[in-house]
Every structure is written in C-alpha cells, then in structure tokens.
Amino acid sequence: MPVGEAIRCAGVEDAEPAARLLHDFNTEFSAPTPGAEALAGRLRALLGADAATVLLAGEPPCGIAVLRLRPSLWAEGLDAYLEELYVKPGRRGEGIGRALLGAAIEAARDAGATRMEVGTSETDTAARGLYESCGFSDREGGPGGPQMLFYERDL
C-alpha cells in the first residue's frame with residue numbers, strides 16, 4: 001500500500017463517498033446501478049443498523065470493500081461475504097486492493113467469522129489473481145476438487 005494511504009471503517013457520515021465508489025464500480029463494468037444518491041441512502045441505513053462493514057482506503061477514498069456477516073449454519077460463528085471490492089482505475093497496481101482485502105479478512109475474523117466467500121466473474125483475471133494469491137479457492141475441498149460456481153437470480 002502506498003505510503004500515506006490508510007484503511008478505515010466507514011461511518012454513516014461516509015455514505016456519499018462510499019456510494020460514489022460503488023456507483024463508479026458498477027458503471028465501469030456496465031452493471032446496473034440505482035445511482036450514487038440511492039446507494040448513499042442504502043449505505044446510511046446499513047451502516048446505521050450495523051448490517052455491513054464498509055472499509056475505505058485513502059482520503060479522499062480511492063478504494064472500498066463491503067463486508068456482510070451472517071450466522072453460519074455449519075460452524076459456531078459467522079460466515080463473511082465480501083460483497084464488493086473496488087479500487088479506482090488510476091490507483092490500481094499500488095497494493096490498495098490487497099490492503100483492503102487484508103483489512104476485510106481481519107475485520108471478519110475480529111467479528112467472529114470462520115470463513116469468507118467472495119464472487120467475481122470468470123473474465124476478471126486481476127480480481128481472481130488477487131483472491132487466489134490470498135488463499136481463496138474456487139475448488140470444492142481444495143486444489144483437486146471440482147470447480148465451484150456461483151449462481152444468482154433477480155427476484
């Protein structure tokens with residue numbers, strides 16, 4: 001991580017810059033977005049209810065990680081889901097994404113999580129490389145297992 005860049009937990013007062021990063025993320029990858037204003041409202045609600053952990057890198061923020069926790073069915077503790085991880089294009093390659101991922105893992109452990117899940121697209125080789133270099137696997141049961149798939153559907 002570049003000297004001077006810090007990672008911090010966002011508060012409700014950080015909803016607007018965090019929402020802007022999330023909006024930019026979806027816009028960059030041609031994914032639907034309700035817009036930064038709607039995302040800011042949703043983040044204010046989630047942060048106010050302690051229903052999400054949002055980590056920001058830099059000031060002004062140039063990267064974001066959104067972590068969600070839920071009780072685990074299979075273990076005493078929590079499962080963590082890294083819902084979003086994004087670094088502005090001009091700041092990529094500086095270690096910010098790796099630092100955000102490390103901070104998210106630490107936050108999940110501190111909260112009592114025993115495992116973490118993350119999803120990304122097959123074509124996002126940079127994200128896949130980062131996740132794999134940090135110990136994440138897309139193989140059930142380890143390196144020799146079948147490839148895991150993530151499915152989604154709008155309701």
# chains A, B, ... in the order shown; residues from 1 in each chain; ligands from 1

call {"tool": "select_by_dssp", "arguments": {"residues": "chain A", "states": "strand (DSSP E or B)", "output": "JSON, numbers by chain"}}
result
{"A": [7, 8, 9, 53, 54, 55, 56, 57, 63, 64, 65, 66, 67, 68, 69, 70, 71, 78, 79, 80, 81, 82, 83, 84, 85, 86, 87, 113, 114, 115, 116, 117, 118, 139, 147]}

call {"tool": "select_by_dssp", "arguments": {"residues": "region 17-117 of chain A", "states": "alpha helix (DSSP H)", "output": "PyMOL selection string"}}
result
chain A and resi 17-28+36-48+96-111

call {"tool": "atom_distance", "arguments": {"atom1": "CA of Phe150 (chain A)", "atom2": "CA of Ala15 (chain A)"}}
result
28.3 Å

call {"tool": "residues_around", "arguments": {"residues": "region 102-114 of chain A", "least_positions_apart": "4", "cutoff": "10 Å", "atoms": "only C-alpha atoms", "output": "list in words"}}
result
Ile7, Arg8, Cys9, Thr53, Val54, Leu55, Leu56, Ala65, Val66, Leu67, Arg68, Leu69, Arg70, Pro71, Ser72, Trp74, Ala75, Glu76, Gly77, Leu78, Asp79, Ala80, Tyr81, Leu82, Leu85, Ile96, Gly97, Arg98 and Cys134 of chain A

call {"tool": "write_last_selection", "arguments": {"atoms": "N, CA, C and O atoms", "output": "CSV table (one decimal), in the first residue's frame"}}
result
chain,number,residue,atom,x,y,z
A,7,ILE,N,-6.4,2.6,5.7
A,7,ILE,CA,-7.7,1.9,5.5
A,7,ILE,C,-8.5,2.2,6.8
A,7,ILE,O,-7.9,2.1,7.9
A,8,ARG,N,-9.7,2.6,6.7
A,8,ARG,CA,-10.5,2.9,7.9
A,8,ARG,C,-11.9,2.3,7.7
A,8,ARG,O,-12.4,2.2,6.6
A,9,CYS,N,-12.6,2.1,8.8
A,9,CYS,CA,-14.0,1.7,8.8
A,9,CYS,C,-14.8,2.9,8.5
A,9,CYS,O,-14.6,4.0,9.2
A,53,THR,N,-20.1,-3.8,7.0
A,53,THR,CA,-18.8,-3.2,7.4
A,53,THR,C,-18.3,-2.6,6.1
A,53,THR,O,-18.2,-3.4,5.1
A,54,VAL,N,-18.1,-1.3,6.0
A,54,VAL,CA,-17.5,-0.7,4.8
A,54,VAL,C,-16.2,-0.2,5.2
A,54,VAL,O,-16.0,0.6,6.2
A,55,LEU,N,-15.2,-0.6,4.4
A,55,LEU,CA,-13.8,-0.1,4.6
A,55,LEU,C,-13.4,0.8,3.4
A,55,LEU,O,-13.7,0.5,2.3
A,56,LEU,N,-12.8,1.9,3.8
A,56,LEU,CA,-12.4,2.9,2.7
A,56,LEU,C,-10.9,3.0,2.8
A,56,LEU,O,-10.3,3.0,3.9
A,65,ALA,N,-14.2,-1.6,0.3
A,65,ALA,CA,-14.6,-3.0,0.5
A,65,ALA,C,-15.9,-3.0,1.3
A,65,ALA,O,-16.0,-2.3,2.3
A,66,VAL,N,-16.8,-3.9,0.9
A,66,VAL,CA,-18.1,-4.0,1.6
A,66,VAL,C,-18.2,-5.5,2.1
A,66,VAL,O,-18.1,-6.4,1.3
A,67,LEU,N,-18.3,-5.6,3.4
A,67,LEU,CA,-18.3,-6.9,4.0
A,67,LEU,C,-19.7,-7.1,4.7
A,67,LEU,O,-20.1,-6.2,5.5
A,68,ARG,N,-20.3,-8.3,4.5
A,68,ARG,CA,-21.5,-8.6,5.2
A,68,ARG,C,-21.3,-9.9,6.0
A,68,ARG,O,-20.6,-10.8,5.5
A,69,LEU,N,-21.9,-10.0,7.2
A,69,LEU,CA,-21.7,-11.1,8.1
A,69,LEU,C,-23.1,-11.7,8.3
A,69,LEU,O,-24.1,-11.0,8.4
A,70,ARG,N,-23.1,-13.0,8.5
A,70,ARG,CA,-24.4,-13.7,8.9
A,70,ARG,C,-24.0,-15.0,9.7
A,70,ARG,O,-22.9,-15.5,9.5
A,71,PRO,N,-24.9,-15.4,10.5
A,71,PRO,CA,-24.6,-16.6,11.3
A,71,PRO,C,-24.4,-17.8,10.4
A,71,PRO,O,-25.1,-18.0,9.4
A,72,SER,N,-23.4,-18.6,10.8
A,72,SER,CA,-23.1,-19.8,10.0
A,72,SER,C,-24.0,-21.0,10.3
A,72,SER,O,-24.3,-21.2,11.5
A,74,TRP,N,-23.0,-24.1,9.5
A,74,TRP,CA,-22.1,-25.2,9.7
A,74,TRP,C,-21.1,-25.1,10.8
A,74,TRP,O,-20.3,-26.0,11.1
A,75,ALA,N,-21.0,-23.9,11.4
A,75,ALA,CA,-20.0,-23.7,12.4
A,75,ALA,C,-20.5,-22.7,13.5
A,75,ALA,O,-21.4,-22.0,13.2
A,76,GLU,N,-19.9,-22.8,14.6
A,76,GLU,CA,-20.2,-21.8,15.7
A,76,GLU,C,-19.5,-20.5,15.2
A,76,GLU,O,-18.3,-20.5,15.1
A,77,GLY,N,-20.2,-19.5,14.9
A,77,GLY,CA,-19.6,-18.3,14.4
A,77,GLY,C,-20.3,-17.7,13.2
A,77,GLY,O,-21.5,-18.1,13.0
A,78,LEU,N,-19.6,-16.9,12.5
A,78,LEU,CA,-20.2,-16.2,11.4
A,78,LEU,C,-19.6,-16.6,10.0
A,78,LEU,O,-18.4,-17.0,10.0
A,79,ASP,N,-20.3,-16.5,9.0
A,79,ASP,CA,-19.8,-16.5,7.6
A,79,ASP,C,-19.7,-15.1,7.1
A,79,ASP,O,-20.6,-14.2,7.4
A,80,ALA,N,-18.6,-14.7,6.4
A,80,ALA,CA,-18.4,-13.4,5.9
A,80,ALA,C,-18.6,-13.5,4.4
A,80,ALA,O,-18.1,-14.4,3.7
A,81,TYR,N,-19.2,-12.5,3.8
A,81,TYR,CA,-19.3,-12.3,2.4
A,81,TYR,C,-18.7,-11.0,2.0
A,81,TYR,O,-19.2,-9.9,2.4
A,82,LEU,N,-17.7,-11.0,1.2
A,82,LEU,CA,-17.1,-9.8,0.6
A,82,LEU,C,-17.9,-9.4,-0.5
A,82,LEU,O,-17.8,-9.9,-1.7
A,85,LEU,N,-15.4,-5.2,-3.7
A,85,LEU,CA,-14.0,-4.7,-3.5
A,85,LEU,C,-13.7,-3.9,-4.8
A,85,LEU,O,-13.8,-4.5,-5.9
A,96,ILE,N,-3.5,-1.4,-3.1
A,96,ILE,CA,-4.7,-0.9,-2.3
A,96,ILE,C,-5.7,-2.0,-2.2
A,96,ILE,O,-6.3,-2.2,-1.1
A,97,GLY,N,-6.0,-2.7,-3.3
A,97,GLY,CA,-6.9,-3.8,-3.3
A,97,GLY,C,-6.5,-4.9,-2.3
A,97,GLY,O,-7.3,-5.4,-1.5
A,98,ARG,N,-5.2,-5.2,-2.3
A,98,ARG,CA,-4.7,-6.3,-1.4
A,98,ARG,C,-4.8,-5.8,0.0
A,98,ARG,O,-5.2,-6.6,0.9
A,134,CYS,N,-4.3,-14.7,-2.1
A,134,CYS,CA,-4.6,-14.5,-0.7
A,134,CYS,C,-5.3,-15.7,0.0
A,134,CYS,O,-5.8,-15.7,1.1

call {"tool": "closest_residue", "arguments": {"among": "A:Phe25, A:Thr33, A:Gly11, A:Ala19", "to": "Ala49 (chain A)", "atoms": "only C-alpha atoms"}}
result
A:Gly11

call {"tool": "closest_residue", "arguments": {"among": "A:Leu47, A:Arg20, A:Leu155, A:Arg115", "to": "Pro34 (chain A)", "atoms": "only C-alpha atoms"}}
result
A:Arg20

call {"tool": "atom_distance", "arguments": {"atom1": "CA of Arg91 (chain A)", "atom2": "CA of Gly58 (chain A)"}}
result
10.4 Å

call {"tool": "residues_around", "arguments": {"residues": "Pro61 (chain A)", "least_positions_apart": "4", "cutoff": "9 Å", "atoms": "only C-alpha atoms", "output": "list in words"}}
result
Pro17, Ala18, Leu21, Leu56 and Ala57 of chain A
